[in-house]
>>> print(open('data.txt').read())   # compact mmCIF, C-alpha atoms
# COMPACT_ATOMS: atom_id res chain seq x y z
CA MET W 680 0.00 0.00 0.00
CA TYR W 681 2.80 2.44 0.77
CA GLY W 682 5.26 1.54 -1.98
CA PHE W 683 5.61 3.42 -5.21
CA SER W 684 5.08 1.26 -8.27
CA ALA W 685 6.69 2.66 -11.40
CA LYS W 686 4.63 2.46 -14.57
CA SER W 687 7.08 4.44 -16.66
CA SER W 688 10.82 4.71 -16.99
CA ILE W 689 10.51 8.52 -16.77
CA PRO W 690 10.23 9.54 -13.08
CA ALA W 691 8.09 12.63 -13.74
CA LEU W 692 5.47 10.47 -15.47
CA ASN W 693 5.31 8.19 -12.45
CA ILE W 694 4.05 11.12 -10.40
CA PHE W 695 1.28 11.72 -12.94
CA TRP W 696 0.22 8.07 -12.79
CA LEU W 697 -0.07 8.58 -9.06
CA LEU W 698 -2.13 11.76 -9.49
CA LEU W 699 -4.56 9.91 -11.75
CA ARG W 700 -5.30 7.41 -9.00
CA ILE W 701 -6.73 10.12 -6.74
CA HIS W 702 -10.25 11.30 -7.42
CA ILE W 703 -10.15 13.93 -10.18
CA VAL W 704 -12.44 16.33 -8.28
CA GLN W 705 -10.07 16.33 -5.30
CA ILE W 706 -7.10 17.03 -7.57
CA PHE W 707 -8.92 19.87 -9.33
CA THR W 708 -10.01 21.38 -6.00
CA ILE W 709 -6.45 21.36 -4.65
CA TRP W 710 -4.98 22.70 -7.89
CA PHE W 711 -7.64 25.41 -8.29
CA SER W 712 -7.28 26.64 -4.71
CA TRP W 713 -3.52 27.05 -5.12
CA LEU W 714 -3.98 28.59 -8.56
CA ILE W 715 -6.13 31.32 -7.00
CA SER W 716 -3.79 31.73 -4.01
CA TYR W 717 -0.68 32.16 -6.10
CA SER W 718 -2.41 34.38 -8.60
CA THR W 719 -2.86 36.74 -5.68
CA TYR W 720 0.72 36.13 -4.54
CA THR W 721 2.03 37.00 -8.00
CA ASN W 722 0.34 40.39 -7.86
CA ILE W 723 2.26 41.22 -4.70
CA ALA W 724 5.61 39.50 -5.20
CA PHE W 725 6.44 40.27 -8.83
CA ILE W 726 8.09 43.61 -8.00
CA PHE W 727 10.47 41.92 -5.53
CA ASP W 728 11.26 39.23 -8.06
CA LEU W 729 11.98 41.88 -10.70
CA LEU W 730 14.44 43.60 -8.39
CA LYS W 731 16.08 40.30 -7.43
CA VAL W 732 16.59 39.27 -11.06
CA ARG W 733 17.92 42.71 -11.98
CA ALA W 734 20.37 42.51 -9.06
CA GLN W 735 21.55 39.09 -10.23
CA HIS W 736 22.14 40.37 -13.77
CA SER W 737 23.62 43.70 -12.75
CA LYS W 738 26.95 44.68 -14.28
CA THR W 739 27.99 46.48 -11.10
CA GLU W 740 28.63 44.59 -7.91
CA ASN W 741 27.19 47.25 -5.58
CA MET W 742 23.69 47.60 -6.99
CA SER W 743 21.16 48.71 -4.38
CA TYR W 744 17.43 48.27 -4.63
CA ARG W 745 16.89 51.99 -4.13
CA LYS W 746 19.12 52.83 -7.10
CA GLU W 747 17.54 50.13 -9.24
CA ILE W 748 14.03 51.39 -8.46
CA ALA W 749 15.11 54.92 -9.42
CA ARG W 750 16.76 53.62 -12.61
CA ILE W 751 13.69 51.63 -13.67
CA TYR W 752 11.41 54.61 -13.02
CA SER W 753 13.65 57.09 -14.87
CA THR W 754 14.23 54.89 -17.94
CA GLU W 755 10.95 52.98 -18.27
CA GLY W 756 8.41 54.78 -16.10
CA LEU W 757 5.79 52.93 -14.06
CA LYS W 758 5.36 50.38 -16.83
CA GLY W 759 8.90 49.17 -16.19
CA PHE W 760 7.87 47.78 -12.81
CA SER W 761 5.50 45.32 -14.47
CA ARG W 762 8.21 43.79 -16.64
CA GLY W 763 8.16 40.02 -16.30
CA TYR W 764 4.71 39.89 -14.71
CA GLN W 765 3.34 37.68 -17.49
CA GLY W 766 6.15 35.18 -17.11
CA MET W 767 5.86 35.08 -13.34
CA PHE W 768 2.11 34.54 -13.56
CA ILE W 769 2.56 31.74 -16.10
CA ARG W 770 5.18 30.10 -13.89
CA ASP W 771 3.73 30.53 -10.40
CA ALA W 772 -0.01 30.10 -10.70
CA PRO W 773 -0.06 26.66 -12.34
CA GLY W 774 3.30 25.69 -10.85
CA PHE W 775 2.26 25.96 -7.23
CA GLY W 776 -1.02 24.25 -8.05
CA LEU W 777 1.00 21.38 -9.49
CA TYR W 778 3.31 21.38 -6.46
CA PHE W 779 0.55 21.01 -3.89
CA CYS W 780 -1.41 18.51 -5.99
CA THR W 781 1.67 16.33 -6.29
CA TYR W 782 2.53 16.76 -2.61
CA GLU W 783 -0.96 15.78 -1.49
CA ALA W 784 -1.00 12.79 -3.86
CA LEU W 785 2.32 11.55 -2.50
CA LYS W 786 1.21 12.01 1.11
CA ARG W 787 -1.95 10.01 0.41
CA ARG W 788 -0.07 7.29 -1.44
CA TRP W 789 2.52 6.93 1.32
CA GLY W 790 -0.06 6.96 4.13
CA VAL W 791 0.86 10.29 5.78
CA SER W 792 -2.00 12.56 4.69
CA ASP W 793 -4.31 14.36 7.09
CA ILE W 794 -6.95 11.70 6.46
CA ASP W 795 -4.48 8.97 7.45
CA LYS W 796 -3.63 10.90 10.61
CA THR W 797 -7.20 11.30 11.82
CA GLU W 798 -8.70 7.99 10.68
CA HIS W 799 -5.80 5.56 10.88
CA ASN W 800 -3.19 7.22 13.15
CA PHE W 801 -0.66 7.04 10.27
CA HIS W 802 -1.11 3.24 10.01
CA GLY W 803 1.25 2.68 12.95
CA LEU W 804 4.19 4.53 11.39
CA SER W 805 6.75 6.04 13.73
CA PRO W 806 7.05 9.85 13.84
CA TRP W 807 10.40 9.54 12.07
CA GLN W 808 8.84 7.56 9.20
CA VAL W 809 6.01 10.08 8.87
CA GLN W 810 8.42 13.03 8.75
CA ALA W 811 10.74 11.27 6.29
CA ARG W 812 7.85 10.53 3.92
CA MET W 813 6.59 14.09 4.15
CA PHE W 814 10.11 15.41 3.55
CA LEU W 815 10.59 13.18 0.51
CA GLY W 816 7.12 14.10 -0.77
CA GLY W 817 7.96 17.80 -0.57
CA GLY W 818 11.29 17.30 -2.31
CA LEU W 819 9.84 15.19 -5.12
CA SER W 820 6.96 17.62 -5.56
CA GLY W 821 9.41 20.48 -5.91
CA MET W 822 11.45 18.60 -8.49
CA VAL W 823 8.38 17.78 -10.57
CA THR W 824 7.17 21.38 -10.36
CA TRP W 825 10.47 22.87 -11.47
CA PHE W 826 10.81 20.29 -14.23
CA PHE W 827 7.63 21.61 -15.79
CA CYS W 828 7.95 25.28 -14.76
CA TYR W 829 11.57 25.93 -15.68
CA PRO W 830 10.79 27.02 -19.27
CA ALA W 831 8.36 29.64 -17.91
CA ASP W 832 11.01 30.75 -15.40
CA HIS W 833 13.50 31.19 -18.22
CA LEU W 834 10.99 33.29 -20.18
CA LYS W 835 10.26 35.38 -17.08
CA THR W 836 13.94 36.07 -16.50
CA ARG W 837 14.48 37.00 -20.13
CA LEU W 838 11.50 39.39 -19.97
CA GLN W 839 12.80 41.03 -16.80
CA THR W 840 16.28 41.57 -18.22
CA LEU W 841 15.29 42.99 -21.61
CA PRO W 842 16.86 46.37 -22.34
CA PRO W 843 14.73 49.47 -21.66
CA GLY W 844 12.39 50.31 -24.52
CA SER W 845 11.96 46.70 -25.65
CA ASN W 846 8.28 45.85 -25.85
CA LYS W 847 8.45 42.09 -26.39
CA ASN W 848 5.79 39.94 -24.78
CA VAL W 849 5.95 36.29 -23.70
CA ARG W 850 4.82 34.96 -27.08
CA GLN W 851 7.34 37.00 -29.06
CA LEU W 852 10.17 36.07 -26.72
CA TYR W 853 9.23 32.38 -26.82
CA ILE W 854 9.33 32.42 -30.63
CA GLU W 855 12.69 34.20 -30.55
CA ILE W 856 14.16 31.64 -28.14
CA ALA W 857 12.79 28.76 -30.20
CA ARG W 858 14.33 30.15 -33.41
CA GLU W 859 17.76 31.18 -32.15
CA PRO W 860 19.13 28.80 -29.51
CA GLY W 861 16.29 26.29 -29.83
CA LEU W 862 13.99 24.72 -27.28
CA ARG W 863 16.85 22.80 -25.64
CA HIS W 864 18.05 26.18 -24.38
CA LEU W 865 14.98 26.43 -22.13
>>> encode(input="data.txt", output="structure tokens")
Amino acid sequence: MYGFSAKSSIPALNIFWLLLRIHIVQIFTIWFSWLISYSTYTNIAFIFDLLKVRAQHSKTENMSYRKEIARIYSTEGLKGFSRGYQGMFIRDAPGFGLYFCTYEALKRRWGVSDIDKTEHNFHGLSPWQVQARMFLGGGLSGMVTWFFCYPADHLKTRLQTLPPGSNKNVRQLYIEIAREPGLRHL
């Protein structure tokens, strides 16, 4: 009951086989609730992510957030602060939904979900076994999420680091990346 039977040689597909075994309404409910939550999160956090990415790609070592905010405002205006919002929304909203769906599916499969706690007292597992399974479930969920969300993260970063005055959107940038370095570059 607690083992993980592989139906595919590709590990990410094994997680999806597991997700299919849980009732589809439960999966959709979990995914939709996190989609809404992180849609709200994206509206708040995108400015901090923009500043973080700009700091990482800065040519000077001593870039401060105050100077970067002033530079964005002077060169791009208020519109410059929304650069990369599309990419962050595309990455975070479905990505975190996928993360928590996968995490909940793994917890249920390995017998450490909230239902198993209340109805079955974790099937007699020791606290160490419960924590180890939850830890592994979180790690595997994160790996699956980033496997599928990394292309959107790459697009977001490219959007945020475009030179001032460039008006490319996600679609245009995706086509450009696909033509020049190819999809393997994502």
>>> residues_around(input="data.txt", residues="Phe801 of chain W", least_positions_apart="5", cutoff="12 Å", atoms="all atoms listed in the file", output="list in words")
Tyr681, Lys786, Arg787, Arg788, Trp789, Gly790, Val791, Ser792, Asp793, Ile794, Asp795, Lys796, Pro806, Trp807, Gln808, Val809, Gln810, Arg812 and Met813 of chain W
>>> closest_residue(input="data.txt", among="W:Phe827, W:Phe814, W:Phe727, W:Tyr744", to="Ile769 of chain W", atoms="only C-alpha atoms")
W:Phe827
>>> residues_around(input="data.txt", residues="Trp825 of chain W", least_positions_apart="2", cutoff="12 Å", atoms="only C-alpha atoms", output="MDAnalysis selection string")
chainID W and resid 691 770:771 773:775 777:778 818:823 827:833
>>> residues_around(input="data.txt", residues="Arg850 of chain W", least_positions_apart="5", cutoff="12 Å", atoms="all atoms listed in the file", output="VMD selection string")
chain W and resid 765 to 766 769 831 834 to 835 838 855 to 857
>>> residues_near_point(input="data.txt", point="(17.4, 43.3, -12.5)", cutoff="10 Å", atoms="only C-alpha atoms", output="list in words")
Phe727, Asp728, Leu729, Leu730, Lys731, Val732, Arg733, Ala734, Gln735, His736, Ser737, Lys738, Met742, Tyr744, Glu747, Ile748, Ile751, Thr836, Gln839, Thr840 and Leu841 of chain W
>>> write_last_selection(input="data.txt", atoms="C-alpha atoms", output="PDB file, in the frame of the given file")
ATOM      1  CA  PHE W 727      10.470  41.920  -5.530  1.00  0.00           C
ATOM      2  CA  ASP W 728      11.260  39.230  -8.060  1.00  0.00           C
ATOM      3  CA  LEU W 729      11.980  41.880 -10.700  1.00  0.00           C
ATOM      4  CA  LEU W 730      14.440  43.600  -8.390  1.00  0.00           C
ATOM      5  CA  LYS W 731      16.080  40.300  -7.430  1.00  0.00           C
ATOM      6  CA  VAL W 732      16.590  39.270 -11.060  1.00  0.00           C
ATOM      7  CA  ARG W 733      17.920  42.710 -11.980  1.00  0.00           C
ATOM      8  CA  ALA W 734      20.370  42.510  -9.060  1.00  0.00           C
ATOM      9  CA  GLN W 735      21.550  39.090 -10.230  1.00  0.00           C
ATOM     10  CA  HIS W 736      22.140  40.370 -13.770  1.00  0.00           C
ATOM     11  CA  SER W 737      23.620  43.700 -12.750  1.00  0.00           C
ATOM     12  CA  LYS W 738      26.950  44.680 -14.280  1.00  0.00           C
ATOM     13  CA  MET W 742      23.690  47.600  -6.990  1.00  0.00           C
ATOM     14  CA  TYR W 744      17.430  48.270  -4.630  1.00  0.00           C
ATOM     15  CA  GLU W 747      17.540  50.130  -9.240  1.00  0.00           C
ATOM     16  CA  ILE W 748      14.030  51.390  -8.460  1.00  0.00           C
ATOM     17  CA  ILE W 751      13.690  51.630 -13.670  1.00  0.00           C
ATOM     18  CA  THR W 836      13.940  36.070 -16.500  1.00  0.00           C
ATOM     19  CA  GLN W 839      12.800  41.030 -16.800  1.00  0.00           C
ATOM     20  CA  THR W 840      16.280  41.570 -18.220  1.00  0.00           C
ATOM     21  CA  LEU W 841      15.290  42.990 -21.610  1.00  0.00           C
TER      22      LEU W 841
END
>>> atom_distance(input="data.txt", atom1="atom CA of Trp710 of chain W", atom2="atom CA of Cys780 of chain W")
5.8 Å
>>> atom_distance(input="data.txt", atom1="atom CA of Asn848 of chain W", atom2="atom CA of Ser716 of chain W")
24.3 Å
>>> atom_distance(input="data.txt", atom1="atom CA of Leu815 of chain W", atom2="atom CA of Ala772 of chain W")
22.9 Å
